[in-house]
Amino acid sequence: MSIAAVTPDSSRRRLATAGKFLVLVIAAFLTLAPVVWTLITALTPANVDTGQTEFGPGAFIDVFQKIPILLYTWNSALVTLLIAAGQMLSAAMAGYVFARFDFGGKRILFGLILATMMVPMQVTIVPVFMLIRGMGLSDTLLALIIPMIPTAFGTFLMRQYFMGLPPELAEAAQIDGAGPWKIFFRIYLPLAAPGLAIVGILAFNYHWNEFFRPLILTISEQNFTLPLGLVTLQGNLGTGSVATVLAGVVLSMIPAALVFVLGQKPLREGLTAGVSK
Amino acid sequence: MMALQSPTATRALVVPPEAETGRRKRAPRGSRLLVWVFLAPTLIGLGLFSFVPIIGSFVLAFFRWDIISAPEFVGVGNFVDLAANPTVRVSFLNTVGFVIVAVTLQLAVALLLAILVQSRMPEWLRTFFRSALFFPLVLSAASVSLVMSYLFNQEFGLVNEFLGLFGVGNIGWLTTGFGAKIVVLLVYVWQNFGFTFLLFIGGLAAIPREVYEASSLDGAYGWSQFRNVTLPLVSPTMLVASVMAIISALQIFDQPYVLTRGGPGDDTRTAVMVIYESAFQQLDFGLAAAIGIVLTLLIMLVTAAQFRLSKRFVFYG
Amino acid sequence: MVDLSRRAALALLGLGLAGTAISWPRLTGGDIPGRGDDALTVALFGTAQDAAARQSLVDGFQKLHPDIPVRIIAIQGQDWGNFFAKILTMVAAGTPPDIVSVATEGSQLFAERLAHPIDEYVQRDAAELQEYFDDVNPSLIESFMYKGNLFQLPDNFNAANMYYNTSAFERAGLERPRDDWSVEDFFTVGRTMQASAPGSFLPYFWNNRLWGGVVPWLYINDTSFLTEEKAPGGDWMWSKFYPDETPRGGGYLWENADALSDRTVESFEVLQRMVSEGIAANPAQGGGNELVSLFSRGSVGMTPAGGFWVKGLNDAGLGDDEYDVTYFPKMRGQRHQFGAGGYAMMQTSERKDEAWEWMKYCISVEGMSIAHSQPDSSLPRRSLNAELYGGDIGPKHWEVFYDTLDRFPTTGPMPAPPQQAAVESALIKNVVGTITNGPNGVRRGLETMQRDLELALKGR
């Protein structure tokens, strides 16, 4: 589908097209340039003997030697994947109910849920830490995962999504004798998959890159997530090498980029109309 | 298995809460259990991990507490103090000013690029542009700010080197008040516009092609078409996008913290930074909680105002 | 993914559950050895040493004290602020560590509110500790006293010295400055280097932070941005362990703002001149990893740094003859500034005796050597620095690192009262405004700084 302006003047249109691509190219350049710079700097570490910078994987090897990056990546992966899965499930369930049912106090409840998005994390982090400790989850990865499974934003998004689906499907299924559970699991949930994809990808992105919350909530080194581990590369009083620090950044970027790439298809399907008229 | 690909499904993100058809209100029998089971994780979870801390924080705002000794009741003392504190005032002013500029920029840029990306071009090119523009979201705010602090270094950063090619002198990006504000703004928008961009693509995609063709036949094109056709049809998405963008921008922390630590002076100090500093540097958790409440109220006010305004400006097709 | 068949969805679910079950030990931390054991908990900065060095330290300690299990909690702060936030959270939750590695920044705050004085322990084990004190300059000990009590034993320190790039010097035809070179000499050196340098070059690069920022320039002028007094007391320490020295009192007291004294204004005017002439960088805030590469590339002539920098430069491939170190220039005097670190025993600890054993181990020759096997910090034990920097490891004049303390006995820690975080913030946020607004802007900037410092010291 395209928004092609239908103008009588074709050379004007050519100018418009050129302008359009120029803007897009500049925008793409601005977004990709810092990333490319980071990659290049990470690939040109200083040679220990000559002090000159040269192209090579030295900085990346350095990262693997300096920190147990595989462990940290594994921790980050466990935490982020479980949070994403948990959020997709809880948001789908709650969003569905808000979209398709009525009950007393529904508006207030939904408003309260949205309100939780408006409180900065720095305000709640210390009480959460105390709660976690009270629950006996201190110093575990579960401490990072469990408080994040309910999601106000995800619920909001999924509610929007379910509201856009036609109610006739439920009515039809009811006539066929299907109960409410079946209606959800067999009909509406699969249809909401693109919305789920959005929730999942955003949750993954956000929690993969989190620093402050894991800093406060973890204690043992074995529980560190990747962002925490990368700080070690900055060295005592900031004396670590730039290339190594950036190599760490690049390595941590890869899984998130992968998830984004894999999520392109459901994302696209969720966001573009496959209009076949 | 029905794989619905109709426009109805895709308008899902665009349909606002107010446009209720009424037909879904009939709750099938036996679904009571489902309702409560489905709500349980979110309600219990948010109740425990959000509400309890928030209420605790609310109570704490009336005390003075440094964690080490016992809390001391001070009534509204914290609120009086924060109103008189010049740093807190400046930080809130900075935050509000920042939000106005950043969100406007973010929405405008995202909308413009979304329109351009959705226009006619080969699919592979569209995917390339869309991926490139979304990419900054994949990176962590702290890493981005770290990289940007290298790039914007006054003497050695690439940005000044690049500008030097055009004969522009050494700009003190992070060492002057004005420059620092610009850098924080640019870095924030750079990182976050991708999300808004994606929302707009969804909103634009839901507009059927026929609408454009019809309006073109009526003689509308270019700017006029944009103003009278595209803009109104995209306004529901604009509402969602601006609500999310404002809530998020009002809480900005990572970028100014890593780039400038709030300086020079207090020029890039934001509300959440003051909360963090009051808590963990001043050891004044009561004051931090009080500032947090004020910020939360501000966010709620602004969000409510947006929904109110939306009744006049948002058009539901 | 949209067209997921029911079977595939169930398979995915099953896979997810299985994966979670398999990872359960990782998720609950059950695979962490020693977790939840009743052990001596030691909190330290994650970036200070790598995991291997930390493990060697624990092993060494356990050999001496097999009956004391130790658990190290490495905190990954990006700065002292992060580190402290984590400690506070642990205290709030009722699980404070037994010992914490505290740097000068937090020393007085800990002394005032969290730490237990070690006077009685030191006096009890005086015989054992005599050789330590013999090997350590009293300035370092003094910096960890507070109101007459001792709270920490220094196990690392870094004085701010002047590093310079020898090739930049040679290129400019300059020789190593005299030890008592003046500030004007410094300007001359800077200008000469600038004139002979190709491309983009900065004679003096510095960062706006508490350690090694403006403070050395204040100290060489016998002034500071806070008033400085000595608390009474402390004689038990000085008469016993440093009988040949004049007693130094009970620790520093920084209780009032002093940004507008004549000498302070004078020092800031020097800095303003430096920046406006282009000799010094306009300081961005915080530290900079990029400094190492800039220095090694020859883009920077001089920069303030301590012994900790030798490791960074070595890692960057800089040869020990490509740079060297000397003292800060002389103004009214040549008082230098340092920062130190050492363990503090928490008041809340129920294992104080064991904590004391850990502290003693870390300041022993063995402990200090294991903790700092690489030149990432100067060591309080005079005798150990030769091993750390001698030979080809450190710069030619590595002895400057420790001689700074011996030659200039008034050398002291950077000002760090209990309200250190607020004070540092008040100082740093006003530095750029003070030195980049022309000669008349200096006093104006300092007036704002004075106001902010007063607010910071007052608390609420």
# chains A, B, ... in the order shown; residues from 1 in each chain; ligands from 1
>>> residues_around(residues="segment 63-72 of chain C", least_positions_apart="3", cutoff="9 Å", atoms="only C-alpha atoms", output="list in words")
Ser220 and Glu221 of chain A; Gly34, Arg35, Asp37, Asp38, Ala39, Leu40, Thr41, Val42, Ala43, Leu44, Arg54, Gln55, Val58, Asp59, Gly60, Glu354, Glu357 and Tyr361 of chain C
>>> residues_around(residues="Ala271 of chain B", least_positions_apart="6", cutoff="7 Å", atoms="only C-alpha atoms", output="JSON, numbers by chain")
{"B": [91, 92, 95]}
>>> write_last_selection(atoms="N, CA and C atoms", output="PDB file, in the first residue's frame")
ATOM      1  N   SER B  91      15.234  21.472  38.119  1.00  0.00           N
ATOM      2  CA  SER B  91      15.122  20.149  37.504  1.00  0.00           C
ATOM      3  C   SER B  91      13.747  19.922  36.903  1.00  0.00           C
ATOM      4  N   PHE B  92      12.712  20.360  37.617  1.00  0.00           N
ATOM      5  CA  PHE B  92      11.375  20.187  37.059  1.00  0.00           C
ATOM      6  C   PHE B  92      11.180  21.058  35.829  1.00  0.00           C
ATOM      7  N   THR B  95      12.886  19.424  33.041  1.00  0.00           N
ATOM      8  CA  THR B  95      12.161  18.246  32.585  1.00  0.00           C
ATOM      9  C   THR B  95      10.986  18.651  31.707  1.00  0.00           C
TER      10      THR B  95
END
>>> select_by_dssp(residues="segment 117-284 of chain C", states="helix (DSSP H, G or I)", output="short mmCIF file (atom, residue, chain, number, x, y, z; two decimals) with N, CA and C atoms, in the first residue's frame")
data_model
loop_
_atom_site.label_atom_id
_atom_site.label_comp_id
_atom_site.auth_asym_id
_atom_site.auth_seq_id
_atom_site.Cartn_x
_atom_site.Cartn_y
_atom_site.Cartn_z
N ASP C 119 40.12 1.17 66.91
CA ASP C 119 41.18 1.53 67.87
C ASP C 119 41.58 0.35 68.75
N GLU C 120 40.58 -0.29 69.37
CA GLU C 120 40.90 -1.33 70.35
C GLU C 120 41.62 -2.49 69.68
N TYR C 121 41.21 -2.81 68.46
CA TYR C 121 41.87 -3.92 67.76
C TYR C 121 43.31 -3.57 67.44
N VAL C 122 43.52 -2.33 66.97
CA VAL C 122 44.87 -1.92 66.61
C VAL C 122 45.76 -1.96 67.84
N GLN C 123 45.22 -1.45 68.94
CA GLN C 123 46.04 -1.42 70.15
C GLN C 123 46.30 -2.83 70.66
N ARG C 124 45.29 -3.69 70.53
CA ARG C 124 45.47 -5.06 71.00
C ARG C 124 46.57 -5.76 70.22
N ALA C 126 49.04 -4.41 68.53
CA ALA C 126 50.05 -3.39 68.19
C ALA C 126 51.37 -4.00 67.75
N ALA C 127 51.81 -5.00 68.46
CA ALA C 127 53.11 -5.58 68.14
C ALA C 127 53.13 -6.09 66.70
N GLU C 128 52.03 -6.76 66.35
CA GLU C 128 51.95 -7.33 65.00
C GLU C 128 51.93 -6.24 63.95
N LEU C 129 51.32 -5.12 64.29
CA LEU C 129 51.10 -4.09 63.27
C LEU C 129 52.24 -3.09 63.16
N GLN C 130 53.17 -3.17 64.08
CA GLN C 130 54.22 -2.15 64.08
C GLN C 130 54.92 -2.08 62.73
N GLU C 131 55.24 -3.23 62.16
CA GLU C 131 56.00 -3.19 60.91
C GLU C 131 55.16 -2.59 59.78
N TYR C 132 53.82 -2.76 59.85
CA TYR C 132 52.95 -2.14 58.84
C TYR C 132 53.06 -0.62 58.94
N PHE C 133 52.91 -0.11 60.13
CA PHE C 133 52.95 1.34 60.28
C PHE C 133 54.32 1.90 59.94
N ASP C 134 55.36 1.09 60.20
CA ASP C 134 56.70 1.53 59.84
C ASP C 134 56.83 1.69 58.33
N PRO C 138 52.49 8.30 57.37
CA PRO C 138 51.40 8.68 58.29
C PRO C 138 50.27 9.47 57.64
N SER C 139 50.53 10.16 56.54
CA SER C 139 49.43 10.90 55.89
C SER C 139 48.29 9.99 55.53
N LEU C 140 48.64 8.76 55.10
CA LEU C 140 47.59 7.83 54.69
C LEU C 140 46.75 7.41 55.88
N ILE C 141 47.43 7.15 57.00
CA ILE C 141 46.71 6.73 58.20
C ILE C 141 45.80 7.86 58.67
N GLU C 142 46.36 9.08 58.65
CA GLU C 142 45.59 10.23 59.13
C GLU C 142 44.28 10.38 58.36
N THR C 166 56.54 11.53 26.74
CA THR C 166 57.95 11.89 26.49
C THR C 166 58.20 12.27 25.04
N SER C 167 57.50 11.65 24.10
CA SER C 167 57.73 12.03 22.70
C SER C 167 57.25 13.43 22.42
N ALA C 168 56.12 13.82 23.05
CA ALA C 168 55.65 15.19 22.86
C ALA C 168 56.67 16.17 23.41
N PHE C 169 57.28 15.80 24.53
CA PHE C 169 58.31 16.65 25.12
C PHE C 169 59.52 16.76 24.20
N GLU C 170 59.99 15.60 23.72
CA GLU C 170 61.18 15.61 22.86
C GLU C 170 60.94 16.42 21.61
N ARG C 171 59.75 16.22 21.03
CA ARG C 171 59.39 16.94 19.82
C ARG C 171 59.47 18.43 20.03
N VAL C 183 54.24 27.09 38.31
CA VAL C 183 53.06 27.12 37.45
C VAL C 183 53.38 27.83 36.14
N GLU C 184 54.20 28.86 36.23
CA GLU C 184 54.59 29.53 34.97
C GLU C 184 55.39 28.58 34.08
N ASP C 185 56.26 27.78 34.71
CA ASP C 185 56.98 26.76 33.93
C ASP C 185 55.99 25.84 33.23
N PHE C 186 54.93 25.49 33.97
CA PHE C 186 53.90 24.61 33.42
C PHE C 186 53.29 25.24 32.17
N PHE C 187 52.96 26.52 32.26
CA PHE C 187 52.38 27.20 31.10
C PHE C 187 53.36 27.20 29.93
N THR C 188 54.64 27.48 30.24
CA THR C 188 55.64 27.50 29.16
C THR C 188 55.73 26.14 28.48
N VAL C 189 55.80 25.10 29.32
CA VAL C 189 55.85 23.75 28.75
C VAL C 189 54.65 23.50 27.84
N GLY C 190 53.48 23.89 28.36
CA GLY C 190 52.26 23.70 27.57
C GLY C 190 52.32 24.41 26.24
N ARG C 191 52.72 25.68 26.27
CA ARG C 191 52.74 26.46 25.03
C ARG C 191 53.75 25.89 24.05
N THR C 192 54.91 25.50 24.58
CA THR C 192 55.93 24.97 23.68
C THR C 192 55.47 23.70 23.01
N MET C 193 54.84 22.84 23.77
CA MET C 193 54.34 21.59 23.19
C MET C 193 53.29 21.88 22.13
N GLN C 194 52.43 22.84 22.44
CA GLN C 194 51.35 23.18 21.52
C GLN C 194 51.92 23.65 20.20
N ALA C 195 52.96 24.48 20.28
CA ALA C 195 53.53 25.07 19.06
C ALA C 195 54.13 24.02 18.17
N VAL C 215 41.10 20.00 42.49
CA VAL C 215 41.67 19.96 43.83
C VAL C 215 43.20 20.04 43.87
N PRO C 216 43.95 19.33 43.03
CA PRO C 216 45.41 19.48 43.10
C PRO C 216 45.85 20.93 42.93
N TRP C 217 45.16 21.67 42.04
CA TRP C 217 45.53 23.06 41.80
C TRP C 217 45.21 23.93 43.01
N LEU C 218 44.27 23.52 43.82
CA LEU C 218 43.97 24.24 45.04
C LEU C 218 45.01 23.90 46.10
N TYR C 219 45.34 22.63 46.18
CA TYR C 219 46.28 22.20 47.22
C TYR C 219 47.66 22.81 47.04
N ASP C 235 46.08 10.77 69.80
CA ASP C 235 47.44 10.62 70.32
C ASP C 235 47.81 9.16 70.53
N TRP C 236 46.82 8.35 70.85
CA TRP C 236 47.12 6.94 71.07
C TRP C 236 47.81 6.35 69.84
N MET C 237 47.43 6.81 68.67
CA MET C 237 47.99 6.32 67.43
C MET C 237 49.39 6.88 67.22
N TRP C 238 49.49 8.20 67.29
CA TRP C 238 50.75 8.82 66.92
C TRP C 238 51.86 8.50 67.91
N SER C 239 51.56 8.54 69.18
CA SER C 239 52.64 8.30 70.14
C SER C 239 53.11 6.87 70.07
N LYS C 240 52.21 5.94 69.76
CA LYS C 240 52.61 4.53 69.74
C LYS C 240 53.34 4.17 68.46
N PHE C 241 52.76 4.58 67.32
CA PHE C 241 53.28 4.04 66.05
C PHE C 241 54.15 5.01 65.26
N ASP C 262 40.87 34.21 49.03
CA ASP C 262 41.71 34.80 47.98
C ASP C 262 42.49 33.75 47.22
N ARG C 263 43.07 32.81 47.95
CA ARG C 263 43.91 31.83 47.27
C ARG C 263 43.08 30.90 46.40
N THR C 264 41.87 30.62 46.84
CA THR C 264 41.01 29.76 46.02
C THR C 264 40.67 30.47 44.72
N VAL C 265 40.32 31.75 44.85
CA VAL C 265 40.03 32.51 43.64
C VAL C 265 41.25 32.51 42.73
N GLU C 266 42.41 32.69 43.34
CA GLU C 266 43.66 32.73 42.57
C GLU C 266 43.84 31.42 41.78
N SER C 267 43.65 30.30 42.46
CA SER C 267 43.82 29.02 41.77
C SER C 267 42.87 28.86 40.62
N PHE C 268 41.63 29.24 40.83
CA PHE C 268 40.66 29.11 39.75
C PHE C 268 40.99 30.05 38.61
N GLU C 269 41.58 31.20 38.94
CA GLU C 269 41.98 32.10 37.85
C GLU C 269 43.07 31.47 37.00
N VAL C 270 43.96 30.74 37.67
CA VAL C 270 44.99 30.03 36.90
C VAL C 270 44.34 29.04 35.94
N LEU C 271 43.36 28.30 36.46
CA LEU C 271 42.68 27.33 35.61
C LEU C 271 41.95 28.02 34.46
N GLN C 272 41.35 29.14 34.77
CA GLN C 272 40.62 29.86 33.73
C GLN C 272 41.58 30.30 32.62
N ARG C 273 42.76 30.75 33.05
CA ARG C 273 43.76 31.16 32.06
C ARG C 273 44.17 29.98 31.20
N MET C 274 44.38 28.86 31.87
CA MET C 274 44.80 27.64 31.16
C MET C 274 43.80 27.28 30.06
N VAL C 275 42.53 27.31 30.43
CA VAL C 275 41.52 26.89 29.47
C VAL C 275 41.38 27.91 28.35
N SER C 276 41.36 29.18 28.71
CA SER C 276 41.14 30.18 27.67
C SER C 276 42.31 30.26 26.72
N GLU C 277 43.52 29.95 27.20
CA GLU C 277 44.68 29.96 26.30
C GLU C 277 44.71 28.73 25.43
#
>>> residues_around(residues="Trp65 of chain B", least_positions_apart="6", cutoff="12 Å", atoms="only C-alpha atoms", output="number ranges by chain")
B: 57, 59, 71-74, 78, 278-280, 282-290; C: 88, 92, 460
>>> residues_around(residues="Leu139 of chain B", least_positions_apart="3", cutoff="12 Å", atoms="only C-alpha atoms", output="number ranges by chain")
A: 31-32, 34-35, 38, 202, 204-210, 227, 249-258, 260; B: 134-136, 142-147, 190-192, 194
>>> write_last_selection(atoms="C-alpha atoms", output="compact mmCIF listing (two decimals), in the first residue's frame")
# COMPACT_ATOMS: atom_id res chain seq x y z
CA THR A 31 20.76 6.04 13.10
CA LEU A 32 23.35 3.59 11.85
CA PRO A 34 27.09 5.61 15.70
CA VAL A 35 26.51 1.85 15.63
CA THR A 38 31.12 1.49 17.71
CA LEU A 202 9.57 -4.63 23.58
CA PHE A 204 12.96 -8.31 25.58
CA ASN A 205 14.60 -5.08 24.45
CA TYR A 206 13.94 -3.26 27.66
CA HIS A 207 15.00 -5.94 30.09
CA TRP A 208 17.98 -7.13 28.11
CA ASN A 209 19.56 -3.70 28.50
CA GLU A 210 18.54 -2.92 32.08
CA PRO A 227 24.99 -4.94 31.55
CA VAL A 249 28.71 -3.30 23.97
CA VAL A 250 28.71 -4.93 20.53
CA LEU A 251 28.53 -8.42 21.99
CA SER A 252 25.61 -7.47 24.19
CA MET A 253 23.88 -5.91 21.22
CA ILE A 254 23.88 -9.09 19.14
CA PRO A 255 21.17 -11.13 20.89
CA ALA A 256 18.83 -8.14 21.08
CA ALA A 257 19.38 -7.45 17.40
CA LEU A 258 18.75 -11.13 16.64
CA PHE A 260 14.48 -8.00 16.54
CA PHE B 134 14.23 1.05 14.53
CA PHE B 135 17.74 -0.10 15.40
CA PRO B 136 18.64 2.39 18.15
CA ALA B 142 23.70 3.59 28.99
CA SER B 143 25.79 2.17 26.14
CA VAL B 144 24.38 4.69 23.73
CA SER B 145 25.11 7.56 26.08
CA LEU B 146 28.63 6.27 26.59
CA VAL B 147 29.28 6.09 22.85
CA TRP B 190 17.68 9.28 18.54
CA GLN B 191 17.21 6.34 20.82
CA ASN B 192 13.47 6.49 21.34
CA GLY B 194 11.90 4.13 16.74
>>> closest_residue(among="C:Asn208, C:Thr434, C:Thr20, C:Asn440", to="chain A", atoms="only C-alpha atoms")
C:Thr20
>>> interface_residues(of="chain B", to="chain C", cutoff="8 Å", atoms="only C-alpha atoms", output="list of chain:residue names")
B:Met1, B:Ala3, B:Ile67, B:Ile68, B:Tyr150, B:Asn153, B:Gln154, B:Glu155, B:Phe156, B:Leu174, B:Thr175, B:Thr176, B:Thr260, B:Arg261, B:Gly262, B:Gly263, B:Pro264, B:Gly265, B:Asp266, B:Phe280, B:Gln281, B:Gln282
>>> write_last_selection(atoms="N, CA and C atoms", output="CSV table (one decimal), in the first residue's frame")
chain,number,residue,atom,x,y,z
B,1,MET,N,-7.9,-23.3,11.0
B,1,MET,CA,-7.3,-22.2,11.7
B,1,MET,C,-7.5,-20.9,10.9
B,3,ALA,N,-6.8,-17.5,9.9
B,3,ALA,CA,-5.7,-16.5,9.9
B,3,ALA,C,-6.2,-15.2,9.4
B,67,ILE,N,17.8,5.6,56.1
B,67,ILE,CA,18.0,4.1,56.1
B,67,ILE,C,18.8,3.6,57.3
B,68,ILE,N,19.7,4.4,57.7
B,68,ILE,CA,20.6,3.9,58.8
B,68,ILE,C,20.0,4.1,60.1
B,150,TYR,N,31.7,9.9,23.8
B,150,TYR,CA,32.9,9.9,23.0
B,150,TYR,C,32.8,10.8,21.7
B,153,ASN,N,32.8,14.6,22.2
B,153,ASN,CA,33.9,15.2,23.0
B,153,ASN,C,34.4,16.5,22.2
B,154,GLN,N,34.6,17.6,22.9
B,154,GLN,CA,34.8,18.8,22.3
B,154,GLN,C,36.1,18.8,21.5
B,155,GLU,N,37.2,18.3,22.0
B,155,GLU,CA,38.4,18.3,21.3
B,155,GLU,C,38.6,17.1,20.3
B,156,PHE,N,38.1,16.0,20.7
B,156,PHE,CA,38.5,14.8,20.0
B,156,PHE,C,37.3,14.0,19.4
B,174,LEU,N,29.3,19.2,25.3
B,174,LEU,CA,28.9,18.8,26.6
B,174,LEU,C,29.5,19.7,27.7
B,175,THR,N,30.2,20.7,27.3
B,175,THR,CA,30.8,21.6,28.3
B,175,THR,C,30.1,22.9,28.4
B,176,THR,N,29.1,23.2,27.6
B,176,THR,CA,28.2,24.4,27.8
B,176,THR,C,26.8,24.0,28.1
B,260,THR,N,26.2,13.8,31.2
B,260,THR,CA,26.6,15.0,31.9
B,260,THR,C,26.5,15.0,33.4
B,261,ARG,N,25.9,13.9,34.0
B,261,ARG,CA,25.6,13.9,35.4
B,261,ARG,C,24.8,15.2,35.8
B,262,GLY,N,24.0,15.7,34.9
B,262,GLY,CA,23.2,16.8,35.2
B,262,GLY,C,23.8,18.2,35.0
B,263,GLY,N,25.1,18.2,34.6
B,263,GLY,CA,25.7,19.5,34.4
B,263,GLY,C,25.7,20.0,33.0
B,264,PRO,N,26.4,21.1,32.7
B,264,PRO,CA,27.1,21.9,33.7
B,264,PRO,C,26.1,22.6,34.6
B,265,GLY,N,26.5,22.8,35.8
B,265,GLY,CA,25.6,23.4,36.8
B,265,GLY,C,24.4,22.5,36.9
B,266,ASP,N,23.2,23.0,36.8
B,266,ASP,CA,22.0,22.1,36.9
B,266,ASP,C,21.3,22.1,35.5
B,280,PHE,N,20.0,8.4,47.1
B,280,PHE,CA,21.3,7.7,47.2
B,280,PHE,C,22.5,8.5,47.5
B,281,GLN,N,22.4,9.8,47.3
B,281,GLN,CA,23.5,10.7,47.6
B,281,GLN,C,23.3,11.5,48.9
B,282,GLN,N,22.1,12.1,49.0
B,282,GLN,CA,21.8,12.8,50.2
B,282,GLN,C,21.3,12.0,51.3
>>> residues_around(residues="Leu116 of chain B", least_positions_apart="3", cutoff="9 Å", atoms="only C-alpha atoms", output="number ranges by chain")
A: 3, 20-21, 23-24; B: 111-113, 119-120
>>> closest_residue(among="A:Leu15, A:Leu191, A:Ala27, A:Ile40", to="Ala110 of chain B", atoms="only C-alpha atoms")
A:Ala27
>>> atom_distance(atom1="atom CA of Leu10 of chain C", atom2="atom CA of Gly195 of chain A")
19.2 Å
>>> residues_around(residues="Val97 of chain A", least_positions_apart="3", cutoff="9 Å", atoms="only C-alpha atoms", output="mmCIF file with N, CA and C atoms, in the first residue's frame")
data_model
loop_
_atom_site.group_PDB
_atom_site.id
_atom_site.type_symbol
_atom_site.label_atom_id
_atom_site.label_comp_id
_atom_site.auth_asym_id
_atom_site.auth_seq_id
_atom_site.Cartn_x
_atom_site.Cartn_y
_atom_site.Cartn_z
ATOM 1 N N ALA A 92 -1.809 -10.919 27.767
ATOM 2 C CA ALA A 92 -2.867 -11.466 26.913
ATOM 3 C C ALA A 92 -4.100 -11.767 27.756
ATOM 4 N N MET A 93 -3.870 -12.399 28.896
ATOM 5 C CA MET A 93 -5.000 -12.769 29.739
ATOM 6 C C MET A 93 -5.741 -11.539 30.259
ATOM 7 N N ALA A 94 -4.990 -10.625 30.849
ATOM 8 C CA ALA A 94 -5.644 -9.457 31.429
ATOM 9 C C ALA A 94 -6.244 -8.560 30.343
ATOM 10 N N ARG A 100 -13.110 -7.735 26.600
ATOM 11 C CA ARG A 100 -14.304 -8.450 26.192
ATOM 12 C C ARG A 100 -15.347 -8.634 27.288
ATOM 13 N N PHE A 101 -14.997 -8.266 28.528
ATOM 14 C CA PHE A 101 -15.966 -8.485 29.587
ATOM 15 C C PHE A 101 -16.243 -7.199 30.345
ATOM 16 N N ASP A 102 -17.354 -7.236 31.022
ATOM 17 C CA ASP A 102 -17.708 -6.113 31.875
ATOM 18 C C ASP A 102 -17.856 -6.600 33.298
ATOM 19 N N ARG A 159 -5.135 -5.081 25.336
ATOM 20 C CA ARG A 159 -6.547 -4.715 25.383
ATOM 21 C C ARG A 159 -6.937 -4.027 24.089
ATOM 22 N N LEU B 34 -13.108 -17.489 34.634
ATOM 23 C CA LEU B 34 -12.065 -17.116 33.703
ATOM 24 C C LEU B 34 -11.607 -15.689 33.954
ATOM 25 N N VAL B 35 -12.582 -14.814 34.140
ATOM 26 C CA VAL B 35 -12.234 -13.407 34.351
ATOM 27 C C VAL B 35 -11.261 -13.260 35.506
ATOM 28 N N TRP B 36 -11.595 -13.878 36.615
ATOM 29 C CA TRP B 36 -10.729 -13.670 37.774
ATOM 30 C C TRP B 36 -9.416 -14.421 37.666
ATOM 31 N N PHE B 38 -7.849 -14.945 34.911
ATOM 32 C CA PHE B 38 -7.034 -14.205 33.955
ATOM 33 C C PHE B 38 -6.505 -12.902 34.536
ATOM 34 N N LEU B 39 -7.302 -12.314 35.401
ATOM 35 C CA LEU B 39 -6.845 -11.042 35.963
ATOM 36 C C LEU B 39 -5.831 -11.245 37.077
#
